[in-house]
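Below is data25.cif, which holds mmCIF, C-alpha atoms.
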data_input
loop_
_atom_site.label_atom_id
_atom_site.label_comp_id
_atom_site.auth_asym_id
_atom_site.auth_seq_id
_atom_site.Cartn_x
_atom_site.Cartn_y
_atom_site.Cartn_z
CA MET X 998 -41.66 9.07 -13.37
CA PHE X 999 -39.03 6.38 -12.66
CA LYS X 1000 -40.15 4.49 -15.75
CA ARG X 1001 -38.36 7.12 -17.83
CA TYR X 1002 -35.03 6.46 -16.16
CA PHE X 1003 -35.07 2.76 -15.44
CA PRO X 1004 -35.55 0.25 -18.26
CA PHE X 1005 -36.21 -2.49 -15.70
CA TRP X 1006 -39.11 -0.60 -14.08
CA ASP X 1007 -41.88 -2.69 -15.66
CA LYS X 1008 -40.31 -5.87 -14.29
CA LEU X 1009 -40.84 -4.76 -10.69
CA SER X 1010 -43.90 -5.74 -8.70
CA GLU X 1011 -46.32 -3.00 -7.64
CA ASN X 1012 -45.05 -3.39 -4.13
CA GLU X 1013 -41.42 -2.98 -5.15
CA LYS X 1014 -42.26 0.12 -7.18
CA LYS X 1015 -44.07 1.61 -4.19
CA GLN X 1016 -41.12 0.84 -1.94
CA MET X 1017 -38.62 2.52 -4.25
CA ILE X 1018 -40.79 5.63 -4.63
CA HIS X 1019 -41.46 5.78 -0.92
CA GLU X 1020 -37.78 5.58 0.10
CA THR X 1021 -36.61 8.16 -2.43
CA ARG X 1022 -35.76 11.51 -0.94
CA THR X 1023 -34.96 14.93 -2.37
CA VAL X 1024 -31.77 16.58 -1.17
CA LYS X 1025 -30.26 19.96 -2.01
CA TYR X 1026 -26.51 20.45 -2.08
CA GLU X 1027 -24.87 23.84 -2.10
CA LYS X 1028 -22.40 24.70 -4.83
CA GLY X 1029 -18.96 23.33 -3.99
CA LEU X 1030 -20.13 20.74 -1.46
CA GLN X 1031 -18.60 17.27 -1.49
CA MET X 1032 -21.77 15.28 -1.93
CA LEU X 1033 -20.56 11.82 -0.96
CA HIS X 1034 -18.88 12.57 2.32
CA CYS X 1035 -20.99 15.35 3.78
CA GLU X 1036 -23.64 15.00 6.48
CA SER X 1037 -26.51 14.26 4.08
CA GLY X 1038 -24.23 12.00 2.03
CA CYS X 1039 -25.68 10.74 -1.23
CA ASN X 1040 -25.32 6.99 -0.79
CA GLY X 1041 -27.57 5.68 -3.54
CA ILE X 1042 -28.63 6.10 -7.14
CA LEU X 1043 -28.91 9.79 -8.00
CA ILE X 1044 -31.15 11.60 -10.43
CA VAL X 1045 -30.19 15.24 -10.93
CA LYS X 1046 -33.29 17.45 -10.85
CA SER X 1047 -31.43 20.73 -11.28
CA GLY X 1048 -27.84 21.90 -11.15
CA GLN X 1049 -24.75 19.92 -12.03
CA MET X 1050 -22.42 17.42 -10.37
CA ARG X 1051 -18.84 16.48 -11.08
CA THR X 1052 -17.15 13.15 -10.33
CA TYR X 1053 -13.38 13.17 -10.00
CA ILE X 1054 -10.36 11.39 -8.61
CA SER X 1055 -7.73 13.16 -6.59
CA SER X 1056 -4.09 12.52 -5.74
CA GLU X 1057 -2.58 12.64 -2.25
CA GLU X 1058 -1.25 16.10 -3.09
CA GLY X 1059 -4.75 17.29 -3.98
CA ARG X 1060 -4.38 17.25 -7.77
CA GLU X 1061 -7.74 16.48 -9.33
CA ILE X 1062 -8.94 14.93 -12.55
CA THR X 1063 -12.57 15.27 -13.55
CA LEU X 1064 -14.00 11.97 -14.77
CA PHE X 1065 -17.38 13.16 -15.95
CA ARG X 1066 -20.11 15.64 -15.17
CA VAL X 1067 -23.74 14.80 -14.49
CA PHE X 1068 -26.36 17.22 -15.76
CA GLU X 1069 -30.08 17.80 -15.25
CA ASN X 1070 -32.14 14.60 -15.71
CA ASP X 1071 -29.01 12.44 -15.77
CA VAL X 1072 -28.70 9.40 -13.54
CA CYS X 1073 -25.52 8.71 -11.56
CA VAL X 1074 -24.94 5.16 -10.32
CA LEU X 1075 -21.32 5.52 -9.12
CA SER X 1076 -22.67 7.07 -5.91
CA ALA X 1077 -24.28 3.66 -5.35
CA SER X 1078 -21.00 1.77 -5.62
CA GLY X 1079 -22.09 -0.11 -2.50
CA LEU X 1080 -24.40 -2.04 -4.83
CA MET X 1081 -21.60 -3.02 -7.19
CA ASP X 1082 -18.75 -4.98 -5.67
CA ALA X 1083 -16.96 -4.92 -9.04
CA ILE X 1084 -16.16 -1.25 -8.38
CA THR X 1085 -13.02 -1.17 -6.31
CA PHE X 1086 -11.97 2.45 -6.15
CA ASP X 1087 -13.23 5.71 -4.76
CA VAL X 1088 -14.53 8.57 -6.79
CA MET X 1089 -15.40 11.93 -5.31
CA ILE X 1090 -18.55 13.84 -6.20
CA ASP X 1091 -18.98 17.62 -5.95
CA ALA X 1092 -21.92 19.91 -6.62
CA VAL X 1093 -20.66 22.21 -9.38
CA GLU X 1094 -23.69 24.46 -8.92
CA ASP X 1095 -26.48 24.48 -6.35
CA THR X 1096 -27.85 21.05 -7.10
CA GLU X 1097 -31.07 19.23 -6.26
CA VAL X 1098 -31.06 15.45 -6.54
CA LEU X 1099 -33.35 12.53 -5.94
CA ILE X 1100 -31.59 9.84 -3.96
CA ILE X 1101 -32.76 6.25 -4.10
CA PRO X 1102 -30.93 4.75 -1.14
CA VAL X 1103 -28.66 1.72 -1.52
CA SER X 1104 -30.67 -0.12 1.13
CA VAL X 1105 -33.89 -0.31 -0.87
CA CYS X 1106 -32.09 -1.01 -4.17
CA GLU X 1107 -30.17 -3.87 -2.61
CA VAL X 1108 -33.26 -5.85 -1.74
CA ILE X 1109 -34.97 -5.34 -5.09
CA MET X 1110 -31.80 -5.95 -7.11
CA LYS X 1111 -31.38 -9.42 -5.65
CA LYS X 1112 -34.67 -10.47 -7.22
CA HIS X 1113 -34.19 -8.76 -10.59
CA PRO X 1114 -31.06 -9.42 -12.63
CA GLU X 1115 -32.32 -6.71 -15.01
CA PHE X 1116 -31.66 -4.20 -12.23
CA GLU X 1117 -28.10 -5.43 -11.78
CA ALA X 1118 -27.56 -5.41 -15.56
CA TYR X 1119 -28.81 -1.81 -15.68
CA LEU X 1120 -26.43 -0.67 -12.94
CA TYR X 1121 -23.35 -2.27 -14.45
CA ARG X 1122 -24.32 -1.23 -17.97
CA THR X 1123 -24.61 2.38 -16.82
CA ALA X 1124 -21.29 2.13 -14.96
CA THR X 1125 -19.65 0.68 -18.08
CA GLU X 1126 -21.02 3.54 -20.16
CA ARG X 1127 -19.45 6.06 -17.79
CA PHE X 1128 -16.16 4.17 -17.70
CA SER X 1129 -16.12 4.18 -21.47
CA ASP X 1130 -16.23 7.97 -21.33
CA VAL X 1131 -13.59 8.02 -18.61
CA LEU X 1132 -11.26 5.93 -20.72
CA TRP X 1133 -11.69 8.36 -23.56
CA ILE X 1134 -10.78 11.24 -21.26
CA MET X 1135 -7.74 9.38 -19.94
CA GLN X 1136 -6.67 8.70 -23.49
CA GLN X 1137 -6.91 12.42 -24.20
CA ILE X 1138 -4.90 13.33 -21.12
CA LEU X 1139 -2.21 10.78 -21.87
CA PHE X 1140 -1.97 11.12 -25.61
CA LEU X 1141 -3.16 14.61 -26.62
CA SER X 1142 -1.18 17.76 -26.12
CA VAL X 1143 -2.76 20.16 -23.65
CA ASP X 1144 -3.62 22.82 -26.25
CA ARG X 1145 -5.67 20.31 -28.23
CA ARG X 1146 -7.41 19.22 -25.04
CA ILE X 1147 -8.31 22.82 -24.17
CA ALA X 1148 -9.58 23.47 -27.70
CA GLN X 1149 -11.68 20.29 -27.50
CA PHE X 1150 -13.05 21.27 -24.10
CA LEU X 1151 -14.03 24.80 -25.22
CA TRP X 1152 -15.61 23.37 -28.35
CA ASP X 1153 -17.68 20.87 -26.34
CA GLU X 1154 -18.79 23.58 -23.90
CA CYS X 1155 -19.94 25.87 -26.73
CA ILE X 1156 -21.97 23.09 -28.30
CA ARG X 1157 -23.45 21.93 -25.00
CA ASN X 1158 -24.56 25.45 -24.02
CA SER X 1159 -25.33 26.66 -27.55
CA SER X 1160 -23.27 29.71 -26.70
CA MET X 1161 -19.97 31.25 -27.76
CA THR X 1162 -19.26 32.25 -24.18
CA VAL X 1163 -17.68 29.89 -21.66
CA LYS X 1164 -18.19 31.12 -18.11
CA LEU X 1165 -15.41 29.27 -16.32
CA THR X 1166 -12.18 30.32 -14.62
CA HIS X 1167 -8.82 29.00 -15.78
CA ASP X 1168 -8.63 27.02 -12.57
CA GLU X 1169 -11.96 25.31 -13.25
CA ILE X 1170 -10.92 24.43 -16.79
CA ALA X 1171 -7.65 23.01 -15.44
CA ARG X 1172 -9.62 20.73 -13.11
CA TYR X 1173 -11.90 19.58 -15.89
CA ILE X 1174 -9.12 18.66 -18.26
CA GLY X 1175 -6.66 17.45 -15.63
CA SER X 1176 -3.96 20.04 -16.10
CA ALA X 1177 -2.46 22.93 -14.11
CA ARG X 1178 -3.94 26.45 -14.02
CA GLU X 1179 -0.70 28.04 -15.23
CA VAL X 1180 -0.69 25.82 -18.31
CA VAL X 1181 -4.33 26.63 -19.11
CA THR X 1182 -3.64 30.36 -18.78
CA LYS X 1183 -0.65 30.10 -21.12
CA VAL X 1184 -2.61 28.21 -23.78
CA LEU X 1185 -5.63 30.53 -23.52
CA LYS X 1186 -3.38 33.60 -23.95
CA TYR X 1187 -1.88 31.95 -27.03
CA PHE X 1188 -5.42 31.35 -28.40
CA GLN X 1189 -6.21 35.01 -27.71
CA ASP X 1190 -3.10 36.14 -29.62
CA GLU X 1191 -4.27 33.94 -32.49
CA ASN X 1192 -7.66 35.75 -32.48
CA ILE X 1193 -9.52 32.56 -31.64
CA LEU X 1194 -11.04 33.97 -28.46
CA THR X 1195 -11.02 36.91 -26.04
CA LEU X 1196 -10.42 36.62 -22.32
CA SER X 1197 -12.10 38.58 -19.57
CA ARG X 1198 -12.66 37.94 -15.86
CA GLY X 1199 -14.24 34.47 -15.41
CA LYS X 1200 -15.33 34.40 -19.05
CA ILE X 1201 -13.99 33.26 -22.40
CA THR X 1202 -15.64 34.39 -25.63
CA ILE X 1203 -14.98 32.41 -28.77
CA ILE X 1204 -14.63 34.72 -31.76
CA ASP X 1205 -13.45 32.24 -34.42
CA LYS X 1206 -15.19 28.90 -34.03
CA GLU X 1207 -13.70 27.36 -37.17
CA LYS X 1208 -10.18 28.24 -36.10
CA LEU X 1209 -10.89 26.75 -32.66
CA LYS X 1210 -12.08 23.56 -34.29
CA SER X 1211 -8.95 23.35 -36.40
CA CYS X 1212 -6.88 23.30 -33.17
CA ILE X 1213 -8.49 20.07 -31.97
CA MET W 623 -16.54 -26.75 -17.67
CA PHE W 624 -18.30 -23.42 -18.43
CA LYS W 625 -20.08 -23.60 -15.08
CA ARG W 626 -16.81 -22.66 -13.43
CA TYR W 627 -16.52 -19.43 -15.41
CA PHE W 628 -20.11 -18.29 -15.83
CA PRO W 629 -22.29 -17.68 -12.76
CA PHE W 630 -25.39 -17.60 -15.01
CA TRP W 631 -24.72 -21.09 -16.42
CA ASP W 632 -27.39 -22.86 -14.38
CA LYS W 633 -30.05 -20.46 -15.66
CA LEU W 634 -29.58 -21.61 -19.25
CA SER W 635 -31.71 -24.33 -20.81
CA GLU W 636 -30.04 -27.61 -21.80
CA ASN W 637 -30.39 -26.57 -25.40
CA GLU W 638 -28.71 -23.19 -24.83
CA LYS W 639 -25.85 -24.86 -22.97
CA LYS W 640 -25.35 -27.28 -25.84
CA GLN W 641 -25.39 -24.44 -28.35
CA MET W 642 -22.75 -22.46 -26.47
CA ILE W 643 -20.49 -25.49 -26.10
CA HIS W 644 -20.98 -26.47 -29.71
CA GLU W 645 -20.09 -23.05 -31.12
CA THR W 646 -17.01 -22.58 -28.96
CA ARG W 647 -13.76 -23.01 -30.81
CA THR W 648 -10.13 -23.29 -29.76
CA VAL W 649 -7.68 -20.92 -31.45
CA LYS W 650 -3.92 -20.55 -31.04
CA TYR W 651 -2.23 -17.18 -31.44
CA GLU W 652 1.49 -16.75 -31.89
CA LYS W 653 3.39 -14.48 -29.53
CA GLY W 654 3.09 -10.85 -30.62
CA LEU W 655 0.01 -11.32 -32.78
CA GLN W 656 -2.77 -8.73 -32.66
CA MET W 657 -5.62 -11.03 -31.71
CA LEU W 658 -8.60 -8.82 -32.52
CA HIS W 659 -7.72 -7.75 -36.02
CA CYS W 660 -5.95 -10.77 -37.44
CA GLU W 661 -7.43 -13.36 -39.79
CA SER W 662 -8.76 -15.63 -37.04
CA GLY W 663 -9.95 -12.57 -35.09
CA CYS W 664 -11.24 -13.27 -31.59
CA ASN W 665 -14.68 -11.72 -31.78
CA GLY W 666 -16.31 -13.17 -28.69
CA ILE W 667 -15.86 -14.02 -25.04
CA LEU W 668 -12.37 -15.43 -24.46
CA ILE W 669 -11.11 -17.96 -21.94
CA VAL W 670 -7.32 -18.21 -21.85
CA LYS W 671 -6.25 -21.87 -21.76
CA SER W 672 -2.52 -21.16 -21.81
CA GLY W 673 -0.29 -18.18 -22.43
CA GLN W 674 -1.06 -14.55 -21.75
CA MET W 675 -2.85 -11.66 -23.45
CA ARG W 676 -2.49 -7.93 -23.08
CA THR W 677 -5.15 -5.30 -23.73
CA TYR W 678 -3.98 -1.78 -24.48
CA ILE W 679 -4.83 1.53 -26.06
CA SER W 680 -2.54 3.25 -28.49
CA SER W 681 -2.09 6.81 -29.71
CA GLU W 682 -1.88 7.90 -33.34
CA GLU W 683 1.89 8.09 -32.95
CA GLY W 684 1.97 4.48 -31.74
CA ARG W 685 2.50 5.16 -28.03
CA GLU W 686 0.88 2.36 -26.04
CA ILE W 687 -0.59 2.01 -22.59
CA THR W 688 -1.34 -1.44 -21.23
CA LEU W 689 -4.77 -1.58 -19.60
CA PHE W 690 -4.59 -5.07 -18.16
CA ARG W 691 -3.23 -8.52 -18.81
CA VAL W 692 -5.27 -11.71 -19.00
CA PHE W 693 -3.68 -14.86 -17.65
CA GLU W 694 -4.40 -18.60 -17.78
CA ASN W 695 -8.01 -19.44 -16.85
CA ASP W 696 -9.03 -15.78 -16.96
CA VAL W 697 -12.03 -14.65 -18.96
CA CYS W 698 -11.90 -11.60 -21.22
CA VAL W 699 -15.19 -9.98 -22.24
CA LEU W 700 -13.84 -6.80 -23.85
CA SER W 701 -13.17 -8.83 -26.99
CA ALA W 702 -16.95 -9.27 -27.11
CA SER W 703 -17.65 -5.54 -27.07
CA GLY W 704 -20.13 -6.20 -29.89
CA LEU W 705 -22.42 -7.54 -27.14
CA MET W 706 -22.17 -4.38 -25.05
CA ASP W 707 -23.29 -1.18 -26.72
CA ALA W 708 -22.26 0.76 -23.60
CA ILE W 709 -18.63 0.23 -24.63
CA THR W 710 -17.78 2.99 -27.05
CA PHE W 711 -14.05 2.75 -27.61
CA ASP W 712 -11.54 0.38 -29.11
CA VAL W 713 -9.04 -1.62 -27.16
CA MET W 714 -6.32 -3.66 -28.81
CA ILE W 715 -5.44 -7.19 -27.72
CA ASP W 716 -2.04 -8.85 -28.22
CA ALA W 717 -0.77 -12.32 -27.43
CA VAL W 718 2.12 -11.67 -25.01
CA GLU W 719 3.19 -15.31 -25.31
CA ASP W 720 2.03 -18.14 -27.55
CA THR W 721 -1.55 -18.24 -26.36
CA GLU W 722 -4.38 -20.73 -26.68
CA VAL W 723 -7.90 -19.45 -26.12
CA LEU W 724 -11.45 -20.70 -26.22
CA ILE W 725 -13.64 -18.29 -28.16
CA ILE W 726 -17.39 -18.19 -27.58
CA PRO W 727 -18.55 -16.22 -30.60
CA VAL W 728 -20.61 -13.06 -30.24
CA SER W 729 -23.32 -14.54 -32.49
CA VAL W 730 -24.27 -17.36 -30.11
CA CYS W 731 -23.97 -15.17 -27.01
CA GLU W 732 -26.23 -12.53 -28.54
CA VAL W 733 -29.18 -14.86 -28.89
CA ILE W 734 -28.87 -16.36 -25.43
CA MET W 735 -28.20 -13.02 -23.74
CA LYS W 736 -31.48 -11.60 -24.94
CA LYS W 737 -33.35 -14.23 -22.94
CA HIS W 738 -31.21 -14.06 -19.80
CA PRO W 739 -30.61 -10.72 -18.07
CA GLU W 740 -28.19 -12.62 -15.80
CA PHE W 741 -25.93 -13.06 -18.82
CA GLU W 742 -26.00 -9.34 -19.57
CA ALA W 743 -25.40 -8.52 -15.90
CA TYR W 744 -22.39 -10.88 -15.92
CA LEU W 745 -20.86 -9.24 -19.01
CA TYR W 746 -21.22 -5.69 -17.73
CA ARG W 747 -20.16 -6.66 -14.22
CA THR W 748 -16.98 -8.22 -15.61
CA ALA W 749 -16.35 -5.17 -17.81
CA THR W 750 -16.83 -2.89 -14.80
CA GLU W 751 -14.34 -4.97 -12.81
CA ARG W 752 -11.74 -4.50 -15.55
CA PHE W 753 -12.48 -0.80 -15.85
CA SER W 754 -12.03 -0.47 -12.12
CA ASP W 755 -8.52 -1.83 -12.56
CA VAL W 756 -7.92 0.41 -15.55
CA LEU W 757 -8.90 3.47 -13.57
CA TRP W 758 -6.46 2.50 -10.88
CA ILE W 759 -3.70 2.23 -13.48
CA MET W 760 -4.62 5.57 -14.99
CA GLN W 761 -4.53 7.10 -11.54
CA GLN W 762 -1.04 5.70 -11.09
CA ILE W 763 0.15 7.04 -14.43
CA LEU W 764 -1.31 10.47 -13.80
CA PHE W 765 -0.50 10.89 -10.15
CA LEU W 766 2.48 8.69 -9.29
CA SER W 767 6.03 9.47 -10.25
CA VAL W 768 7.51 6.99 -12.69
CA ASP W 769 10.00 5.50 -10.20
CA ARG W 770 7.19 4.57 -7.84
CA ARG W 771 5.27 3.03 -10.73
CA ILE W 772 8.28 0.92 -11.75
CA ALA W 773 8.85 -0.19 -8.15
CA GLN W 774 5.16 -1.14 -7.89
CA PHE W 775 5.30 -3.02 -11.18
CA LEU W 776 8.41 -5.02 -10.22
CA TRP W 777 6.89 -5.78 -6.83
CA ASP W 778 3.65 -7.06 -8.41
CA GLU W 779 5.60 -9.18 -10.90
CA CYS W 780 7.70 -10.80 -8.15
CA ILE W 781 4.60 -11.67 -6.16
CA ARG W 782 2.69 -12.95 -9.17
CA ASN W 783 5.52 -15.21 -10.28
CA SER W 784 6.77 -16.05 -6.77
CA SER W 785 10.22 -15.20 -8.07
CA MET W 786 12.85 -12.53 -7.48
CA THR W 787 13.64 -12.48 -11.18
CA VAL W 788 11.66 -10.43 -13.69
CA LYS W 789 12.28 -11.60 -17.25
CA LEU W 790 11.26 -8.52 -19.21
CA THR W 791 13.09 -5.98 -21.33
CA HIS W 792 13.06 -2.29 -20.46
CA ASP W 793 10.92 -1.72 -23.52
CA GLU W 794 8.32 -4.23 -22.36
CA ILE W 795 8.19 -2.67 -18.90
CA ALA W 796 7.76 0.77 -20.49
CA ARG W 797 4.74 -0.51 -22.41
CA TYR W 798 3.21 -2.08 -19.32
CA ILE W 799 3.47 1.05 -17.21
CA GLY W 800 2.84 3.54 -20.01
CA SER W 801 6.22 5.27 -20.04
CA ALA W 802 9.22 5.57 -22.38
CA ARG W 803 12.03 3.00 -22.55
CA GLU W 804 14.69 5.62 -21.81
CA VAL W 805 12.93 6.62 -18.62
CA VAL W 806 12.61 2.99 -17.48
CA THR W 807 16.31 2.39 -18.15
CA LYS W 808 17.26 5.48 -16.15
CA VAL W 809 15.15 4.48 -13.16
CA LEU W 810 16.32 0.84 -13.25
CA LYS W 811 19.98 1.99 -13.28
CA TYR W 812 19.21 4.19 -10.29
CA PHE W 813 17.67 1.18 -8.50
CA GLN W 814 20.81 -0.81 -9.35
CA ASP W 815 23.06 1.89 -7.89
CA GLU W 816 20.92 1.75 -4.76
CA ASN W 817 21.53 -2.02 -4.52
CA ILE W 818 17.85 -2.82 -4.91
CA LEU W 819 18.35 -4.98 -8.00
CA THR W 820 20.85 -6.12 -10.60
CA LEU W 821 20.39 -5.76 -14.33
CA SER W 822 21.40 -8.21 -17.02
CA ARG W 823 20.21 -8.81 -20.57
CA GLY W 824 16.40 -9.19 -20.59
CA LYS W 825 16.39 -9.93 -16.87
CA ILE W 826 16.08 -8.00 -13.62
CA THR W 827 16.95 -9.66 -10.30
CA ILE W 828 15.64 -8.12 -7.12
CA ILE W 829 18.23 -8.34 -4.34
CA ASP W 830 16.57 -6.18 -1.68
CA LYS W 831 12.83 -6.75 -1.63
CA GLU W 832 12.20 -4.59 1.43
CA LYS W 833 14.02 -1.65 -0.10
CA LEU W 834 12.05 -2.10 -3.32
CA LYS W 835 8.82 -2.03 -1.34
CA SER W 836 9.87 1.17 0.40
CA CYS W 837 10.13 2.84 -3.03
CA ILE W 838 6.44 2.31 -3.78
#
The structure in this file should be written as structure tokens.
Amino acid sequence: MFKRYFPFWDKLSENEKKQMIHETRTVKYEKGLQMLHCESGCNGILIVKSGQMRTYISSEEGREITLFRVFENDVCVLSASGLMDAITFDVMIDAVEDTEVLIIPVSVCEVIMKKHPEFEAYLYRTATERFSDVLWIMQQILFLSVDRRIAQFLWDECIRNSSMTVKLTHDEIARYIGSAREVVTKVLKYFQDENILTLSRGKITIIDKEKLKSCI
Amino acid sequence: MFKRYFPFWDKLSENEKKQMIHETRTVKYEKGLQMLHCESGCNGILIVKSGQMRTYISSEEGREITLFRVFENDVCVLSASGLMDAITFDVMIDAVEDTEVLIIPVSVCEVIMKKHPEFEAYLYRTATERFSDVLWIMQQILFLSVDRRIAQFLWDECIRNSSMTVKLTHDEIARYIGSAREVVTKVLKYFQDENILTLSRGKITIIDKEKLKSCI
């Protein structure tokens, strides 16, 4: 099973493989729970079995910016930042839905990683991949106007879910794109007036996909 | 010489070491030159021998945000993004001063890296380190007010240069902190009125370091 996720798997000894499998535990997190700092904190490499997680940074005043989301069958290594001393900041991780994850604890990874530079390369490569995405998001936030960001976000959601309906509140969208709820509401109403979409409670329905795309 | 910079150096064969040394070339870039896209483009791992480089992203309208600077004896791996397919965006690199660098071309690294996962781990670890810094900067831009960012920047410059004088124009500071020149000028004038610093052409002199620190 792990072979699918970890390119370095075949380099491990049988004993090391057994150890990793043996120490891995399954944990369920309720929707909305802060996964890193709760009682059953997820200190290790995560594989999402079902549900969805969100990593974000937050300001002292509680403003949040979503860095990336982790979906079913995705691996998250930032929760194992204890393994990577090159990571010098704190991200937060929330369960966006009820989420079940496999956790491979830092402790067992630490020992095996010391013997296998491929393991270390994998961790940092995966972190770099995520940071690449983060930089793209930051670039959007800093350089793109908010209406283009919202159009881009709705477009991505439609494609990801193969659906013309986005089931998110204005507040949730604001958190994802790093803006304020009021601003999101204003832009969405403008899109509605332009016959790009219709708004109803907790739901946005795209009615003109091409027009939405032209707003990006 | 390379041993000092590359933790994986001892893992290489004598032949590989010779190859890397042999292919390395010294290139000088004039102040202000775009190092990546000029004629003697720096496509490889860079070691700064003298001078200073700046990596940044820029918007379509030409707005720039400095990601980090690379000083004497620092290594820059982002210029070798051809070696790391996990990096999926473009950064720009400028020579801030007349700058002399050693370039270890991507071509020679590519071959050696394939045999040594330690080399790959080093590259991605170094990239992650930089991205960690970048994320911190982004957090500042997004969450901190501009006056705190300017105070922080001046403070860092004083410490780095062990000097109370910062020899930069308002425009340069604006580029470093990702703001507009007008805003920087306004804040600096405010700091001058508060007797924190004095302004003269191309030069800022801190007169009350403690007060500056209290603005961060």
Subject >> Reference answer for the PyMOL selection byres ((chain X and resi 998-1000) around 10), as a ChimeraX atom specification >> reply: /X:1001-1007,1014,1017-1018,1044
**OP:** For a cut-off of 6 Å around (-11.4, 34.9, -29.7), file coordinates, pick out all residues using all atoms listed in the file and list them as number ranges by chain.
**Re:** X: 1189, 1192-1195, 1202-1205
Could the residues in this selection be saved with C-alpha atoms as a CSV table (one decimal), in the frame of the given file?
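And here's out.csv as it stands now:
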chain,number,residue,atom,x,y,z
X,1189,GLN,CA,-6.2,35.0,-27.7
X,1192,ASN,CA,-7.7,35.8,-32.5
X,1193,ILE,CA,-9.5,32.6,-31.6
X,1194,LEU,CA,-11.0,34.0,-28.5
X,1195,THR,CA,-11.0,36.9,-26.0
X,1202,THR,CA,-15.6,34.4,-25.6
X,1203,ILE,CA,-15.0,32.4,-28.8
X,1204,ILE,CA,-14.6,34.7,-31.8
X,1205,ASP,CA,-13.4,32.2,-34.4
**OP:** Tell me, in Å to one decimal, how far CA of Cys731 (chain W) is from CA of Lys650 (chain W).
**Re:**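 CA of Lys650 (chain W) lies at a distance of 21.1 Å from CA of Cys731 (chain W).
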Subject >> Residues of chain W within 12 Å of chain X, counting all atoms listed in the file, as number ranges by chain >> reply: W: 630, 633, 678-689, 700, 703, 705-713, 735-767, 800-801
Original post:
When the PyMOL selection byres ((chain X and resi 1072) around 6) is applied to the file above, which residues end up in the set, as JSON, numbers by chain?
Top reply: {"X": [1043, 1044, 1071, 1073]}
**OP:** Go through the shown structure with the PyMOL selection byres ((chain X and resi 1040) around 12) and write out the matching residues as a ChimeraX atom specification.
**Re:** /X:1021-1022,1024,1032-1039,1041-1043,1073-1080,1089-1090,1098-1106
**OP:** Using all atoms listed in the file, determine which residues lie at most 12 Å from region 779-783 of chain W, disregarding the query and same-chain residues fewer than 2 positions distant; provide the list as a count of residues only.
**Re:** 24
Subject >> Separation of CA of Asn1070 (chain X) from CA of Gln1049 (chain X) in Å >> reply: 9.8 Å
Could you work out an axis-aligned bounding box for all listed atoms of region 1141-1150 of chain X, with 5 Å added on each of the six sides, and give its centre and edge lengths in Å to one decimal, as JSON?
{"center_x": -7.1, "center_y": 19.0, "center_z": -25.9, "size_x": 21.9, "size_y": 18.9, "size_z": 14.6}
**OP:** Would you mind reading off the distance between CA of Glu1207 (chain X) and CA of Val1067 (chain X), one decimal, in Å?
**Re:**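 For CA of Glu1207 (chain X) relative to CA of Val1067 (chain X), the distance reads 27.8 Å.
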